[in-house]
Protein chains: 2
Amino acid sequence: MTARTARTRGGKAPTLEEVAARAGVGRGTVSRVINGSPRVSAPTRAAVEAAIAELGYVPNRAARALAANRADAIALVVPEPEARFFAEPYFSDIVSGVGEALAETGMQLLLTFAGGARERHRLAQYLAAHRVDGVLLVSVRADDPLPDLLAGTGIPTVISGRRSAAEPLPSVDSDNAGGARTAVAHLLARGRRTIATITGRLEVYGAACRLDGYRGALTEAGHGPDESLIAVADFTEEGGRRAMRELLARRPALDAVFAASDVMAAGARQTLRAAGRRIPDDVALIGFDDSAIARHMDPPLTSVRQPIEEMGRAMARLILSEAGPTASGKPEPGGDPRQLVLPTELVVRGSS
Amino acid sequence: MTARTARTRGGKAPTLEEVAARAGVGRGTVSRVINGSPRVSAPTRAAVEAAIAELGYVPNRAARALAANRADAIALVVPEPEARFFAEPYFSDIVSGVGEALAETGMQLLLTFAGGARERHRLAQYLAAHRVDGVLLVSVRADDPLPDLLAGTGIPTVISGRRSAAEPLPSVDSDNAGGARTAVAHLLARGRRTIATITGRLEVYGAACRLDGYRGALTEAGHGPDESLIAVADFTEEGGRRAMRELLARRPALDAVFAASDVMAAGARQTLRAAGRRIPDDVALIGFDDSAIARHMDPPLTSVRQPIEEMGRAMARLILSEAGPTASGKPEPGGDPRQLVLPTELVVRGSS
DNA sequence: GGGTACGGTGGGAGCGCTCCCATGTGTGAT
DNA sequence: ATCACACATGGGAGCGCTCCCACCGTACCC
């Protein structure tokens, strides 16, 4: 009986059928055991599990996907060109968070890179045709067509970082405004009076939120709005340098700067140094992201930490719940429990 | 016209059969067209291609995998716990290199995390059963059982970073010894005389190579070996600090340090500062990896850059050639063209 | 003119699984 | 004892594709 099985081929993986034969049951029963159906008696289940263990059986994913019309796979889409800026700390952390949460469920993680706008159409079609159970989108820009394309195909999608206050897609974001508010409050608490900020491009929703947080903290403390303390940059180091020069020119007496990213803070620091300002004695400096450069800057940079790995886990959980029960991509009405905002944390170091 | 057709079918994707009907041909012919078989006449091929475009047809991967007994997928295995050290610049670059090279071939990239030793056995079994066409292993330790497990299953495997001089697996590595040699030669050229080094754990082959390169450059320049200038650390910042203290205690007059990683260089820098040594005036400092912290250190750190993205591309190409033609996992005899060593590059900055 | 070859083509037979319906087998109620 | 209804189980019918063999027609040969 097993002779036939063993003869099939040397290195061939055992099939459901073979497990069934070995356990002396039918295919259906083995399938039920594997999928955790309750409609199997205890002794039968034990027999099947023994057979599975003896044969070292692992289900064939392709066959399962074909028969069940699901993929047991989640795609993580990375918009290659743009992603680079955000990349440093972001990418590996989000991936490991997602991977961790997915590993527990037996779902596979597919990594996909989106190229130009043209390719994104193909990509959406591909994802639909390959029947991934869900798509995770990271660091997409507000004008990216991909999210809507995906929504059109009905594939459950979760986005990291809302594109606007009214993000229609399920999303996971960090509390950008809260983080900025905490940072500025910290500066105020340390006696700083003239606090400037360097923002990212304000079309990026997260950048706008950070600016809101900055304004909020100042307003709360009774400081009137002062546009001359706000410089818009673009999340780059060079942008940070330039913005800092503007700020110094406009408000030479400033005594603190909140930069909306560590990289811009690094740029600002250089300009500050060049201008002879000491950190933190003359000017306190705070960044955002708590990336590797923050820890290694001189002095070490106080920064707002985002729980990136945790965001990855949350995204995974969200997509699992989206793809799981209802298996329908239609946006739910009513208040949305599918918009997660995770708290940030201020990591105080020598620069403030 | 194309998009319209494709989009209207909200739920179901078109099948091969439907394309065949539309083009007025049989299933076999459509299959041949899709797989680029030459045995199709030009007019027929054109008709089929038109039908494919009109329907927005994309082959069902699961069905193809099941029927053809191949997966069109490559798994990238990341040993989670350990990977963290190397992670910063490494991970995202290698992934994007691999992804780029794979995207062109229609292969999927699967991301897998290996847990403890126990899980690695399961993982090897999984990979075998799920019939990935190849496995890419990054930053594995010399004593990791996974590579041999994989070799046992016959799955083509490529490793990044050799585990020893006699790495049996096809591998892609950077020229660690050459990079170290260049760094030390640069130091010598700038007139430094007493050059120390901080190494990683020497069980790690790459760390040993860097030490060899350091020794080689010194020997070439006629300097005799001097063990008191060598401190072994563990690739961590704290290790770098400690090693630097040892070195300073043993050889107070040293005027240059080559650290085998940027992170250790960062640690060394702190100790140097604390000891009142100026960089680069009193002591020149060089790191390895050219990571983000190198660029943002003060002064910016001279560092040896590894072509990590290029290494990713090379790994992808290697695994494709391994998995493709022969489809056999047995190690080839004779001289091995499957051991790639990519050149490194010294990025000179203010610290040297 | 008939025969031979061969490029082109259609379609049957699975790949290993899930789904679901039909078929036991046991329990409790009548 | 009979019926009803649960529960447990077996196995047929595909999922959409590739592989391969049989078949058709045409060009070419004798």
# chains A, B, ... in the order shown; residues from 1 in each chain; ligands from 1

$ calpha_fit_and_write --fixed "chain B" --moving "chain A" --output "short mmCIF file (atom, residue, chain, number, x, y, z; two decimals) with C-alpha atoms, in the first residue's frame"
data_model
loop_
_atom_site.label_atom_id
_atom_site.label_comp_id
_atom_site.auth_asym_id
_atom_site.auth_seq_id
_atom_site.Cartn_x
_atom_site.Cartn_y
_atom_site.Cartn_z
CA MET A 1 -19.93 33.98 -27.61
CA THR A 2 -18.49 36.66 -25.42
CA ALA A 3 -21.86 36.88 -23.74
CA ARG A 4 -21.13 33.77 -21.82
CA THR A 5 -17.74 35.10 -20.92
CA ALA A 6 -19.09 38.40 -19.73
CA ARG A 7 -21.73 36.69 -17.70
CA THR A 8 -19.36 34.68 -15.57
CA ARG A 9 -19.10 37.47 -13.06
CA GLY A 10 -18.70 41.19 -12.77
CA GLY A 11 -15.17 41.57 -11.52
CA LYS A 12 -13.77 38.24 -12.54
CA ALA A 13 -10.45 38.14 -14.31
CA PRO A 14 -10.47 36.69 -17.81
CA THR A 15 -9.02 33.23 -18.29
CA LEU A 16 -6.82 31.69 -20.90
CA GLU A 17 -9.85 29.98 -22.32
CA GLU A 18 -11.62 33.25 -22.86
CA VAL A 19 -8.62 34.76 -24.55
CA ALA A 20 -8.46 31.73 -26.82
CA ALA A 21 -12.13 32.04 -27.74
CA ARG A 22 -11.77 35.72 -28.45
CA ALA A 23 -8.73 35.19 -30.65
CA GLY A 24 -10.36 32.23 -32.34
CA VAL A 25 -7.59 29.82 -31.42
CA GLY A 26 -7.05 26.98 -28.98
CA ARG A 27 -5.85 27.14 -25.40
CA GLY A 28 -2.50 25.66 -26.30
CA THR A 29 -1.74 28.42 -28.72
CA VAL A 30 -2.48 31.16 -26.26
CA SER A 31 -0.31 29.41 -23.71
CA ARG A 32 2.49 29.27 -26.25
CA VAL A 33 2.22 32.96 -26.97
CA ILE A 34 2.29 33.85 -23.31
CA ASN A 35 5.31 31.74 -22.68
CA GLY A 36 7.14 33.04 -25.68
CA SER A 37 7.33 29.79 -27.56
CA PRO A 38 8.69 30.24 -31.09
CA ARG A 39 6.28 27.70 -32.50
CA VAL A 40 3.55 30.17 -33.27
CA SER A 41 3.02 31.91 -36.61
CA ALA A 42 3.25 35.66 -36.68
CA PRO A 43 -0.40 36.36 -37.59
CA THR A 44 -1.69 34.01 -34.91
CA ARG A 45 0.57 35.55 -32.35
CA ALA A 46 -0.66 39.00 -33.26
CA ALA A 47 -4.29 37.93 -32.96
CA VAL A 48 -3.67 36.42 -29.57
CA GLU A 49 -1.79 39.43 -28.33
CA ALA A 50 -4.63 41.66 -29.44
CA ALA A 51 -7.12 39.52 -27.55
CA ILE A 52 -4.94 39.62 -24.47
CA ALA A 53 -4.74 43.38 -24.62
CA GLU A 54 -8.47 43.82 -25.21
CA LEU A 55 -9.42 41.59 -22.33
CA GLY A 56 -6.69 42.86 -20.05
CA TYR A 57 -5.71 39.31 -19.44
CA VAL A 58 -3.12 38.46 -16.80
CA PRO A 59 -2.27 34.81 -16.19
CA ASN A 60 -3.42 33.31 -12.94
CA ARG A 61 -0.29 32.60 -11.03
CA ALA A 62 -1.69 29.89 -8.81
CA ALA A 63 -2.96 27.89 -11.75
CA ARG A 64 0.31 28.25 -13.55
CA ALA A 65 2.28 27.25 -10.50
CA LEU A 66 0.11 24.22 -9.97
CA ALA A 67 0.23 23.02 -13.54
CA ALA A 68 3.87 23.73 -14.23
CA ASN A 69 5.09 22.76 -10.81
CA ARG A 70 7.11 25.87 -10.38
CA ALA A 71 6.33 28.95 -8.38
CA ASP A 72 7.85 31.87 -10.24
CA ALA A 73 8.83 33.08 -6.84
CA ILE A 74 12.03 33.53 -4.91
CA ALA A 75 12.09 33.64 -1.14
CA LEU A 76 14.37 35.98 0.72
CA VAL A 77 15.00 34.62 4.18
CA VAL A 78 15.95 37.02 6.93
CA PRO A 79 17.09 35.58 10.23
CA GLU A 80 15.18 38.03 12.37
CA PRO A 81 16.95 38.25 15.70
CA GLU A 82 20.52 38.46 14.49
CA ALA A 83 19.79 40.48 11.40
CA ARG A 84 19.21 43.51 13.49
CA PHE A 85 22.85 44.42 13.91
CA PHE A 86 23.69 44.33 10.30
CA ALA A 87 20.33 45.72 9.41
CA GLU A 88 20.66 49.43 9.14
CA PRO A 89 21.99 50.01 5.69
CA TYR A 90 22.08 46.43 4.63
CA PHE A 91 18.54 45.23 4.57
CA SER A 92 16.74 47.81 2.51
CA ASP A 93 19.54 47.99 -0.03
CA ILE A 94 19.80 44.29 -0.57
CA VAL A 95 16.05 44.01 -0.87
CA SER A 96 15.85 46.75 -3.42
CA GLY A 97 18.68 45.24 -5.43
CA VAL A 98 17.04 41.85 -5.41
CA GLY A 99 13.65 43.35 -6.17
CA GLU A 100 14.93 45.32 -9.10
CA ALA A 101 16.60 42.35 -10.73
CA LEU A 102 13.61 40.11 -10.09
CA ALA A 103 11.03 42.56 -11.34
CA GLU A 104 12.45 42.33 -14.83
CA THR A 105 11.81 38.61 -14.93
CA GLY A 106 8.30 38.51 -13.55
CA MET A 107 9.44 36.57 -10.52
CA GLN A 108 7.85 37.34 -7.22
CA LEU A 109 9.78 38.22 -4.11
CA LEU A 110 8.65 36.49 -0.97
CA LEU A 111 9.90 37.77 2.34
CA THR A 112 10.33 35.24 5.07
CA PHE A 113 11.57 35.57 8.60
CA ALA A 114 13.38 32.73 10.26
CA GLY A 115 12.89 32.52 13.98
CA GLY A 116 14.67 30.15 16.33
CA ALA A 117 16.43 26.94 15.39
CA ARG A 118 13.21 25.02 15.81
CA GLU A 119 11.37 27.24 13.40
CA ARG A 120 14.11 26.87 10.86
CA HIS A 121 13.28 23.24 10.39
CA ARG A 122 9.70 24.13 9.75
CA LEU A 123 10.79 26.88 7.45
CA ALA A 124 12.92 24.60 5.31
CA GLN A 125 10.00 22.22 5.00
CA TYR A 126 7.68 25.05 4.15
CA LEU A 127 9.91 26.43 1.48
CA ALA A 128 10.23 22.99 -0.03
CA ALA A 129 6.50 22.36 0.04
CA HIS A 130 5.54 25.72 -1.30
CA ARG A 131 7.87 25.15 -4.15
CA VAL A 132 9.62 28.44 -4.30
CA ASP A 133 12.05 28.28 -7.16
CA GLY A 134 14.93 29.46 -5.06
CA VAL A 135 15.98 30.81 -1.72
CA LEU A 136 18.14 33.78 -0.91
CA LEU A 137 19.81 33.74 2.47
CA VAL A 138 21.17 36.91 4.00
CA SER A 139 23.44 37.41 6.97
CA VAL A 140 23.41 33.83 8.20
CA ARG A 141 25.78 32.79 10.91
CA ALA A 142 28.32 30.05 10.38
CA ASP A 143 26.48 27.67 12.67
CA ASP A 144 23.03 28.21 11.22
CA PRO A 145 21.46 24.89 10.19
CA LEU A 146 19.22 26.48 7.60
CA PRO A 147 21.60 26.42 4.62
CA ASP A 148 22.26 22.72 4.98
CA LEU A 149 18.61 21.99 5.57
CA LEU A 150 17.81 23.81 2.37
CA ALA A 151 20.56 22.07 0.46
CA GLY A 152 19.08 18.80 1.68
CA THR A 153 15.73 19.60 0.13
CA GLY A 154 17.37 20.37 -3.18
CA ILE A 155 16.08 23.92 -3.41
CA PRO A 156 18.52 26.20 -5.20
CA THR A 157 20.00 28.51 -2.62
CA VAL A 158 22.25 31.53 -2.76
CA ILE A 159 23.87 32.99 0.27
CA SER A 160 25.11 36.52 0.84
CA GLY A 161 28.37 36.62 2.71
CA ARG A 162 30.30 33.40 2.71
CA ARG A 163 30.37 31.49 5.96
CA SER A 164 33.92 30.31 5.40
CA ALA A 165 36.62 30.28 2.76
CA ALA A 166 35.17 27.01 1.52
CA GLU A 167 31.55 28.05 1.23
CA PRO A 168 29.78 25.19 -0.52
CA LEU A 169 26.74 27.23 -1.51
CA PRO A 170 26.64 29.67 -4.40
CA SER A 171 27.36 33.00 -2.81
CA VAL A 172 27.76 36.70 -3.28
CA ASP A 173 30.16 38.51 -1.05
CA SER A 174 32.00 41.78 -0.98
CA ASP A 175 35.76 41.93 -1.01
CA ASN A 176 36.21 42.30 2.71
CA ALA A 177 39.93 41.69 2.68
CA GLY A 178 40.48 44.02 -0.25
CA GLY A 179 38.44 46.76 1.38
CA ALA A 180 40.39 46.51 4.59
CA ARG A 181 43.67 46.48 2.70
CA THR A 182 42.73 49.61 0.79
CA ALA A 183 41.73 51.38 3.97
CA VAL A 184 44.99 50.57 5.73
CA ALA A 185 47.03 51.42 2.64
CA HIS A 186 45.28 54.78 2.59
CA LEU A 187 46.27 55.38 6.21
CA LEU A 188 49.87 54.44 5.47
CA ALA A 189 49.89 56.73 2.46
CA ARG A 190 48.81 59.58 4.68
CA GLY A 191 51.81 58.97 6.88
CA ARG A 192 50.22 57.06 9.73
CA ARG A 193 52.67 54.68 11.38
CA THR A 194 50.94 53.00 14.27
CA ILE A 195 47.71 51.64 12.91
CA ALA A 196 45.42 49.66 15.17
CA THR A 197 42.31 47.71 14.23
CA ILE A 198 39.06 46.81 15.93
CA THR A 199 37.59 43.61 14.54
CA GLY A 200 34.23 41.91 14.75
CA ARG A 201 33.90 38.47 16.25
CA LEU A 202 36.40 36.40 14.31
CA GLU A 203 34.05 33.44 13.96
CA VAL A 204 32.26 35.66 11.48
CA TYR A 205 34.11 34.99 8.28
CA GLY A 206 33.75 38.54 7.01
CA ALA A 207 35.34 39.86 10.17
CA ALA A 208 38.25 37.47 9.77
CA CYS A 209 38.70 38.60 6.17
CA ARG A 210 38.83 42.23 7.20
CA LEU A 211 41.51 41.40 9.72
CA ASP A 212 43.43 39.52 7.05
CA GLY A 213 43.25 42.55 4.81
CA TYR A 214 44.53 44.75 7.60
CA ARG A 215 47.45 42.41 8.22
CA GLY A 216 48.17 42.08 4.54
CA ALA A 217 48.45 45.80 3.96
CA LEU A 218 50.80 46.18 6.90
CA THR A 219 52.97 43.27 5.84
CA GLU A 220 53.16 44.58 2.29
CA ALA A 221 54.41 47.89 3.64
CA GLY A 222 57.12 46.11 5.58
CA HIS A 223 55.56 46.42 9.01
CA GLY A 224 55.98 43.35 11.16
CA PRO A 225 52.94 41.81 12.80
CA ASP A 226 51.97 43.38 16.08
CA GLU A 227 49.20 41.68 17.98
CA SER A 228 48.95 44.46 20.53
CA LEU A 229 47.41 46.64 17.84
CA ILE A 230 44.51 44.25 17.33
CA ALA A 231 41.39 44.35 19.52
CA VAL A 232 38.50 41.99 18.99
CA ALA A 233 34.99 43.36 19.50
CA ASP A 234 31.54 42.30 18.37
CA PHE A 235 30.23 44.78 15.81
CA THR A 236 28.46 46.82 18.51
CA GLU A 237 29.01 50.40 19.54
CA GLU A 238 29.73 49.41 23.12
CA GLY A 239 32.20 46.83 21.82
CA GLY A 240 33.90 49.57 19.84
CA ARG A 241 34.24 51.76 22.93
CA ARG A 242 35.69 48.97 24.99
CA ALA A 243 38.10 47.84 22.30
CA MET A 244 39.31 51.40 21.86
CA ARG A 245 40.01 51.70 25.58
CA GLU A 246 42.06 48.52 25.46
CA LEU A 247 43.98 49.76 22.48
CA LEU A 248 44.68 53.11 24.06
CA ALA A 249 45.87 51.39 27.22
CA ARG A 250 48.17 49.06 25.33
CA ARG A 251 49.43 51.46 22.69
CA PRO A 252 48.97 55.06 23.79
CA ALA A 253 50.98 56.30 20.82
CA LEU A 254 48.75 54.88 18.09
CA ASP A 255 47.90 57.33 15.36
CA ALA A 256 45.21 55.52 13.37
CA VAL A 257 42.41 53.01 13.84
CA PHE A 258 40.67 50.85 11.29
CA ALA A 259 37.35 49.63 12.67
CA ALA A 260 35.63 46.76 10.89
CA SER A 261 32.26 48.50 11.03
CA ASP A 262 30.92 52.04 11.20
CA VAL A 263 29.08 51.29 14.39
CA MET A 264 32.27 50.18 16.11
CA ALA A 265 34.01 53.22 14.68
CA ALA A 266 31.34 55.37 16.30
CA GLY A 267 32.06 53.69 19.62
CA ALA A 268 35.79 54.14 19.14
CA ARG A 269 35.30 57.79 18.33
CA GLN A 270 33.56 58.39 21.63
CA THR A 271 36.38 56.79 23.57
CA LEU A 272 38.93 58.72 21.56
CA ARG A 273 37.12 61.98 22.29
CA ALA A 274 36.88 61.16 25.95
CA ALA A 275 40.60 60.54 25.97
CA GLY A 276 41.21 63.92 24.45
CA ARG A 277 42.42 62.68 21.08
CA ARG A 278 41.43 64.76 18.11
CA ILE A 279 40.20 63.16 14.88
CA PRO A 280 41.89 63.16 12.48
CA ASP A 281 44.74 65.31 13.86
CA ASP A 282 45.89 62.90 16.57
CA VAL A 283 44.23 59.72 15.40
CA ALA A 284 42.80 58.90 11.99
CA LEU A 285 39.69 56.71 11.98
CA ILE A 286 38.19 54.54 9.28
CA GLY A 287 35.05 52.47 9.40
CA PHE A 288 33.39 49.84 7.22
CA ASP A 289 29.94 49.76 5.57
CA ASP A 290 29.56 53.42 4.65
CA SER A 291 26.27 53.59 6.48
CA ALA A 292 24.21 56.65 7.30
CA ILE A 293 26.08 57.20 10.54
CA ALA A 294 29.37 57.49 8.65
CA ARG A 295 28.08 60.41 6.64
CA HIS A 296 26.69 62.15 9.68
CA MET A 297 29.49 61.56 12.13
CA ASP A 298 31.64 64.45 13.23
CA PRO A 299 34.01 64.57 11.48
CA PRO A 300 32.41 62.55 8.69
CA LEU A 301 33.83 59.07 8.76
CA THR A 302 36.02 57.64 6.04
CA SER A 303 34.57 54.23 5.37
CA VAL A 304 34.72 51.22 3.09
CA ARG A 305 31.63 51.03 0.97
CA GLN A 306 30.17 47.69 -0.02
CA PRO A 307 28.05 47.62 -3.17
CA ILE A 308 25.08 46.23 -1.34
CA GLU A 309 22.41 46.95 -3.86
CA GLU A 310 24.64 45.49 -6.53
CA MET A 311 25.08 42.42 -4.35
CA GLY A 312 21.33 42.07 -4.22
CA ARG A 313 21.15 42.22 -7.98
CA ALA A 314 23.93 39.66 -8.27
CA MET A 315 22.16 37.33 -5.87
CA ALA A 316 19.01 37.58 -7.90
CA ARG A 317 20.87 36.82 -11.11
CA LEU A 318 22.64 33.90 -9.51
CA ILE A 319 19.51 32.31 -8.12
CA LEU A 320 17.79 32.78 -11.45
CA SER A 321 20.54 30.91 -13.23
CA GLU A 322 20.56 28.24 -10.55
CA ALA A 323 16.83 27.76 -10.63
CA GLY A 324 16.48 28.17 -14.32
CA PRO A 325 18.17 25.83 -16.78
CA THR A 326 19.24 22.70 -14.93
CA ALA A 327 16.79 23.02 -12.06
CA SER A 328 19.08 20.77 -10.07
CA GLY A 329 20.44 21.65 -6.70
CA LYS A 330 23.53 19.54 -6.81
CA PRO A 331 26.78 21.41 -6.36
CA GLU A 332 28.74 21.56 -9.52
CA PRO A 333 32.24 20.11 -9.57
CA GLY A 334 35.24 22.00 -10.75
CA GLY A 335 36.15 25.64 -10.25
CA ASP A 336 33.14 27.58 -9.08
CA PRO A 337 31.85 30.48 -11.08
CA ARG A 338 29.07 30.71 -8.56
CA GLN A 339 31.14 32.42 -5.91
CA LEU A 340 30.96 36.11 -6.62
CA VAL A 341 33.14 38.60 -4.80
CA LEU A 342 32.28 42.20 -5.53
CA PRO A 343 34.78 45.01 -5.13
CA THR A 344 34.55 47.51 -2.32
CA GLU A 345 35.39 51.17 -2.48
CA LEU A 346 37.01 53.50 0.00
CA VAL A 347 34.99 56.64 0.63
CA VAL A 348 37.38 59.20 2.01
CA ARG A 349 35.95 61.78 4.38
CA GLY A 350 37.21 63.99 7.14
CA SER A 351 38.21 61.37 9.68
CA SER A 352 41.37 60.22 7.95
#

$ interface_residues --of "chain C" --to "chain B" --cutoff "8 Å" --atoms "only C-alpha atoms (C1' of nucleotides)" --output "JSON, numbers by chain"
{"C": [7, 8, 9, 10, 11, 15, 16]}

$ residues_around --residues "DG12 (chain D)" --least-positions-apart "2" --cutoff "12 Å" --atoms "only C-alpha atoms (C1' of nucleotides)" --output "PyMOL selection string"
(chain A and resi 27-28) or (chain C and resi 19-22) or (chain D and resi 10+14)

$ residues_around --residues "DT26 (chain D)" --least-positions-apart "2" --cutoff "10 Å" --atoms "only C-alpha atoms (C1' of nucleotides)" --output "PyMOL selection string"
(chain C and resi 6-7) or (chain D and resi 24+28)

$ interface_residues --of "chain D" --to "chain A" --cutoff "10 Å" --atoms "only C-alpha atoms (C1' of nucleotides)" --output "number ranges by chain"
D: 7-11, 14-17

$ residues_around --residues "DC5 (chain D)" --least-positions-apart "6" --cutoff "12 Å" --atoms "only C-alpha atoms (C1' of nucleotides)" --output "PyMOL selection string"
chain C and resi 25-29

$ atom_distance --atom1 "C1' of DT2 (chain D)" --atom2 "C1' of DT30 (chain C)"
8.2 Å
